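Quick notes on the structure that follows.
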Amino acid sequence: MVSDTKTLSDIQIKTRLLETFRATRMKRRLADNTVVYVLSFCALIIVFSLFAILGHLLTQGVSSLNLAFLTHLPAPVGEKGGGMANAMVGSLTLLAIAVAFGVPVGLGAGIYLSEYAHKRFAYIVRFTTDVMNGIPSIVFGIFAYEILVAPMKSFSALSGGFALGIMMIPMIARTSEQFVRLVPETLREAGLALGVPKWKVTLDIIIPTALGGIMTGIMSSLARVAGETAPLLFTAFGNHFWQSGLIQPIAALPLQIFAFAISPYDDWHRQAWAGALILIILVFIINLLANYFVTRQSRIFAGKT
């Protein structure tokens, strides 16, 4: 009788444990599925937002895209027609100047942080670059105004490119530092073992190995500043004609879009949508290039090339 009672008790305990296990497994599965569904929903929101923006720009701006829009200057105030050719050339000019300002400084800072900086000083520089990444873009425009526009007493392409270049520096510096750090230490040791100076190892071995990642940082920073308007209001100012020099006001797509969008003319509104579509396409192309370089760099570090 006692043996039967013990057997029955063991069966009850095992049954309860099995029920508890099943209940726990169901709760964990429910929690896991809930988290997956929530994260998937967040991802869908991002994708939907992108396609919603692109779809709206296409419906609003594609009707104004034509050869005249791509090759002509803006029409006089109140007249229909014209285009944004000067703004497109101006944006490319400003980005080129920004690259000339930002890339050498950002790349140099990134390599210094990775290869040469003392830990305490490196911490200060990293903290500074992180703070710069969070500064509103209009502040960079005001800084460039005080540095270049006010002393020169003129808005200019040079000051606009300088403002955008400063904005590029922190992202390039941090990205370059991270990718240079990913270069295997054995490559450094092999170069130094051959008696090659450290600076030459850095230039001839480290930088070429990390070049794909460095280009990713440059492309990503370009994509960030390509659509900036606020810094250019204080520096480039805008121009409805062809650029006559780097020390004169210059047109840019963001500025032209802003000016046309706040105007009272319907035709300018349509052209503003078309200009926004062109700007999105430019940013999309830059991001594709960044994705290509990061994929190429990943293959290099994985030893596939």
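Letters for chains follow the order of the structure tokens (A, B, ...), residue numbers begin at 1 for each chain, and ligand numbers begin at 1 in the order shown.
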
Report task. Run DSSP on the backbone and give me the residues of segment 47-234 of chain A it puts in alpha helix (DSSP H), as a PyMOL selection string. Result -> chain A and resi 47-61+67-71+85-115+119-134+137-144+150-152+157-181+185-193+198-201+207-209+211-226+230-233

Requested in this report: Might you pull out every residue within 9 Å of Ala251 of chain A, with only C-alpha atoms counted and same-chain residues fewer than 2 positions away left off, and present them as number ranges by chain?
Outcome: A: 84, 86-91, 157, 236-243, 249, 253-256

Generate a file of the selected residues that holds N, CA and C atoms, formatted as a JSON list (two decimals), in the first residue's frame.
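Done, and the output landed in part.json:
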```json
[["chain", "number", "residue", "atom", "x", "y", "z"],
["A", 84, "MET", "N", 16.90, 73.37, -63.05],
["A", 84, "MET", "CA", 17.82, 73.48, -61.90],
["A", 84, "MET", "C", 19.22, 73.01, -62.28],
["A", 86, "ASN", "N", 21.92, 74.68, -62.77],
["A", 86, "ASN", "CA", 22.95, 75.35, -61.97],
["A", 86, "ASN", "C", 22.99, 74.81, -60.54],
["A", 87, "ALA", "N", 21.82, 74.43, -60.01],
["A", 87, "ALA", "CA", 21.79, 73.88, -58.66],
["A", 87, "ALA", "C", 22.43, 72.50, -58.60],
["A", 88, "MET", "N", 22.21, 71.68, -59.63],
["A", 88, "MET", "CA", 22.82, 70.36, -59.65],
["A", 88, "MET", "C", 24.34, 70.46, -59.76],
["A", 89, "VAL", "N", 24.82, 71.33, -60.63],
["A", 89, "VAL", "CA", 26.27, 71.54, -60.75],
["A", 89, "VAL", "C", 26.82, 72.14, -59.45],
["A", 90, "GLY", "N", 26.05, 73.06, -58.86],
["A", 90, "GLY", "CA", 26.48, 73.68, -57.61],
["A", 90, "GLY", "C", 26.60, 72.69, -56.48],
["A", 91, "SER", "N", 25.65, 71.75, -56.39],
["A", 91, "SER", "CA", 25.71, 70.73, -55.34],
["A", 91, "SER", "C", 26.95, 69.86, -55.50],
["A", 157, "ALA", "N", 31.00, 79.71, -52.56],
["A", 157, "ALA", "CA", 31.04, 78.24, -52.63],
["A", 157, "ALA", "C", 32.08, 77.69, -51.67],
["A", 236, "ALA", "N", 26.72, 79.44, -48.67],
["A", 236, "ALA", "CA", 26.59, 79.46, -50.14],
["A", 236, "ALA", "C", 25.55, 80.47, -50.59],
["A", 237, "PHE", "N", 24.47, 80.62, -49.81],
["A", 237, "PHE", "CA", 23.41, 81.61, -49.98],
["A", 237, "PHE", "C", 22.46, 81.30, -51.13],
["A", 238, "GLY", "N", 22.98, 80.79, -52.25],
["A", 238, "GLY", "CA", 22.14, 80.49, -53.40],
["A", 238, "GLY", "C", 22.39, 81.46, -54.55],
["A", 239, "ASN", "N", 22.07, 81.00, -55.76],
["A", 239, "ASN", "CA", 22.33, 81.80, -56.96],
["A", 239, "ASN", "C", 21.45, 81.25, -58.09],
["A", 240, "HIS", "N", 20.74, 82.12, -58.80],
["A", 240, "HIS", "CA", 19.88, 81.66, -59.90],
["A", 240, "HIS", "C", 20.61, 81.60, -61.23],
["A", 241, "PHE", "N", 21.93, 81.80, -61.19],
["A", 241, "PHE", "CA", 22.71, 81.80, -62.42],
["A", 241, "PHE", "C", 23.87, 80.80, -62.29],
["A", 242, "TRP", "N", 24.66, 80.68, -63.35],
["A", 242, "TRP", "CA", 25.81, 79.78, -63.31],
["A", 242, "TRP", "C", 26.87, 80.34, -62.37],
["A", 243, "GLN", "N", 27.61, 79.44, -61.75],
["A", 243, "GLN", "CA", 28.65, 79.84, -60.82],
["A", 243, "GLN", "C", 29.77, 80.54, -61.57],
["A", 249, "PRO", "N", 28.57, 83.59, -54.42],
["A", 249, "PRO", "CA", 27.44, 82.73, -54.03],
["A", 249, "PRO", "C", 27.18, 81.66, -55.07],
["A", 253, "LEU", "N", 21.11, 72.26, -54.77],
["A", 253, "LEU", "CA", 19.78, 71.65, -54.83],
["A", 253, "LEU", "C", 18.96, 71.89, -53.57],
["A", 254, "PRO", "N", 19.50, 71.66, -52.37],
["A", 254, "PRO", "CA", 18.69, 71.92, -51.17],
["A", 254, "PRO", "C", 18.22, 73.37, -51.07],
["A", 255, "LEU", "N", 19.09, 74.32, -51.41],
["A", 255, "LEU", "CA", 18.71, 75.73, -51.36],
["A", 255, "LEU", "C", 17.64, 76.05, -52.40],
["A", 256, "GLN", "N", 17.82, 75.51, -53.61],
["A", 256, "GLN", "CA", 16.86, 75.77, -54.68],
["A", 256, "GLN", "C", 15.50, 75.15, -54.35]]
```

Requested in this report: Might you pull out every residue within 9 Å of Phe143 of chain A, with only C-alpha atoms counted and same-chain residues fewer than 5 positions away left off, and present them as a PyMOL selection string?
Outcome: chain A and resi 138+148+163

**Report entry** A:Ile280, A:Glu177, A:Leu54, A:Arg16 ranked by distance to Ala117 of chain A, top pick (using only C-alpha atoms)
**Finding:** A:Glu177

Report task. Would you mind telling me which residue in A:Asp130, A:Glu146, A:Glu185, A:Glu228 lies nearest to Glu115 of chain A when using only C-alpha atoms? Result ->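 Using only C-alpha atoms, the shortest distance to Glu115 of chain A belongs to A:Glu185.
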
Query - Residues within 10 Å of Ile285 of chain A, only C-alpha atoms, excluding chain neighbours under 6 positions, as a list in words - result: Met219, Ala223, Leu279 and Asn291 of chain A

Query raised in the report: Which one of A:Leu113, A:Leu277, A:Leu222, A:Val131 sits closest to Leu58 of chain A if you count only C-alpha atoms?
Result: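 Counting only C-alpha atoms, the residue closest to Leu58 of chain A is A:Leu277.
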
**Report entry** Contact residues around Ile257 of chain A with only C-alpha atoms at 8 Å, ignoring same-chain residues under 3 positions, as a PyMOL selection string
**Finding:** chain A and resi 253-254+260-261+271-273+275-276

**Report entry** Best match for closeness to Ala98 of chain A among A:Gly161, A:Pro151, A:Pro170, A:Gly245, counting only C-alpha atoms
**Finding:** A:Gly161

Report task. Find the spatial neighbours of Ala144 of chain A, counting only C-alpha atoms, within a cut-off of 8 Å - ignore same-chain residues fewer than 4 positions away - and output them as a ChimeraX atom specification. Result -> /A:140,148-149,159-160,162-163,234-235

For the selection just defined, write its residues with N, CA and C atoms to a file, as a PDB file, in the first residue's frame.
```pdb
ATOM      1  N   PHE A 140      27.204  74.549 -37.672  1.00  0.00           N
ATOM      2  CA  PHE A 140      28.358  74.509 -38.577  1.00  0.00           C
ATOM      3  C   PHE A 140      28.288  75.650 -39.585  1.00  0.00           C
ATOM      4  N   LEU A 148      34.771  82.390 -42.562  1.00  0.00           N
ATOM      5  CA  LEU A 148      35.039  82.734 -43.957  1.00  0.00           C
ATOM      6  C   LEU A 148      34.162  83.854 -44.514  1.00  0.00           C
ATOM      7  N   VAL A 149      32.864  83.766 -44.273  1.00  0.00           N
ATOM      8  CA  VAL A 149      31.955  84.736 -44.904  1.00  0.00           C
ATOM      9  C   VAL A 149      32.175  86.142 -44.365  1.00  0.00           C
ATOM     10  N   SER A 159      32.976  78.805 -48.687  1.00  0.00           N
ATOM     11  CA  SER A 159      32.468  78.733 -47.315  1.00  0.00           C
ATOM     12  C   SER A 159      31.416  77.637 -47.173  1.00  0.00           C
ATOM     13  N   GLY A 160      30.581  77.444 -48.206  1.00  0.00           N
ATOM     14  CA  GLY A 160      29.590  76.366 -48.164  1.00  0.00           C
ATOM     15  C   GLY A 160      30.243  75.002 -48.122  1.00  0.00           C
ATOM     16  N   PHE A 162      33.237  74.382 -47.089  1.00  0.00           N
ATOM     17  CA  PHE A 162      33.948  74.297 -45.812  1.00  0.00           C
ATOM     18  C   PHE A 162      33.005  73.841 -44.700  1.00  0.00           C
ATOM     19  N   ALA A 163      31.780  74.391 -44.656  1.00  0.00           N
ATOM     20  CA  ALA A 163      30.800  73.996 -43.644  1.00  0.00           C
ATOM     21  C   ALA A 163      30.438  72.517 -43.774  1.00  0.00           C
ATOM     22  N   PHE A 234      23.769  80.180 -44.585  1.00  0.00           N
ATOM     23  CA  PHE A 234      24.713  81.149 -44.040  1.00  0.00           C
ATOM     24  C   PHE A 234      25.996  81.261 -44.851  1.00  0.00           C
ATOM     25  N   THR A 235      26.177  80.393 -45.825  1.00  0.00           N
ATOM     26  CA  THR A 235      27.470  80.321 -46.516  1.00  0.00           C
ATOM     27  C   THR A 235      27.341  80.434 -48.038  1.00  0.00           C
TER      28      THR A 235
END
```

Requested in this report: Report the distance between atom CA of Leu57 of chain A and atom CA of Pro136 of chain A in Å, rounded to one decimal place.
Outcome: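 Atom CA of Leu57 of chain A sits 25.8 Å away from atom CA of Pro136 of chain A.
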
Query raised in the report: Interatomic distance between atom CA of Thr129 of chain A and atom CA of Ala230 of chain A?
Result: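 Computing the Euclidean distance for atom CA of Thr129 of chain A and atom CA of Ala230 of chain A yields 20.4 Å.
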
Query raised in the report: So how many Å separate atom CA of Leu288 of chain A and atom CA of Ser220 of chain A, to one decimal?
Result: 9.7 Å
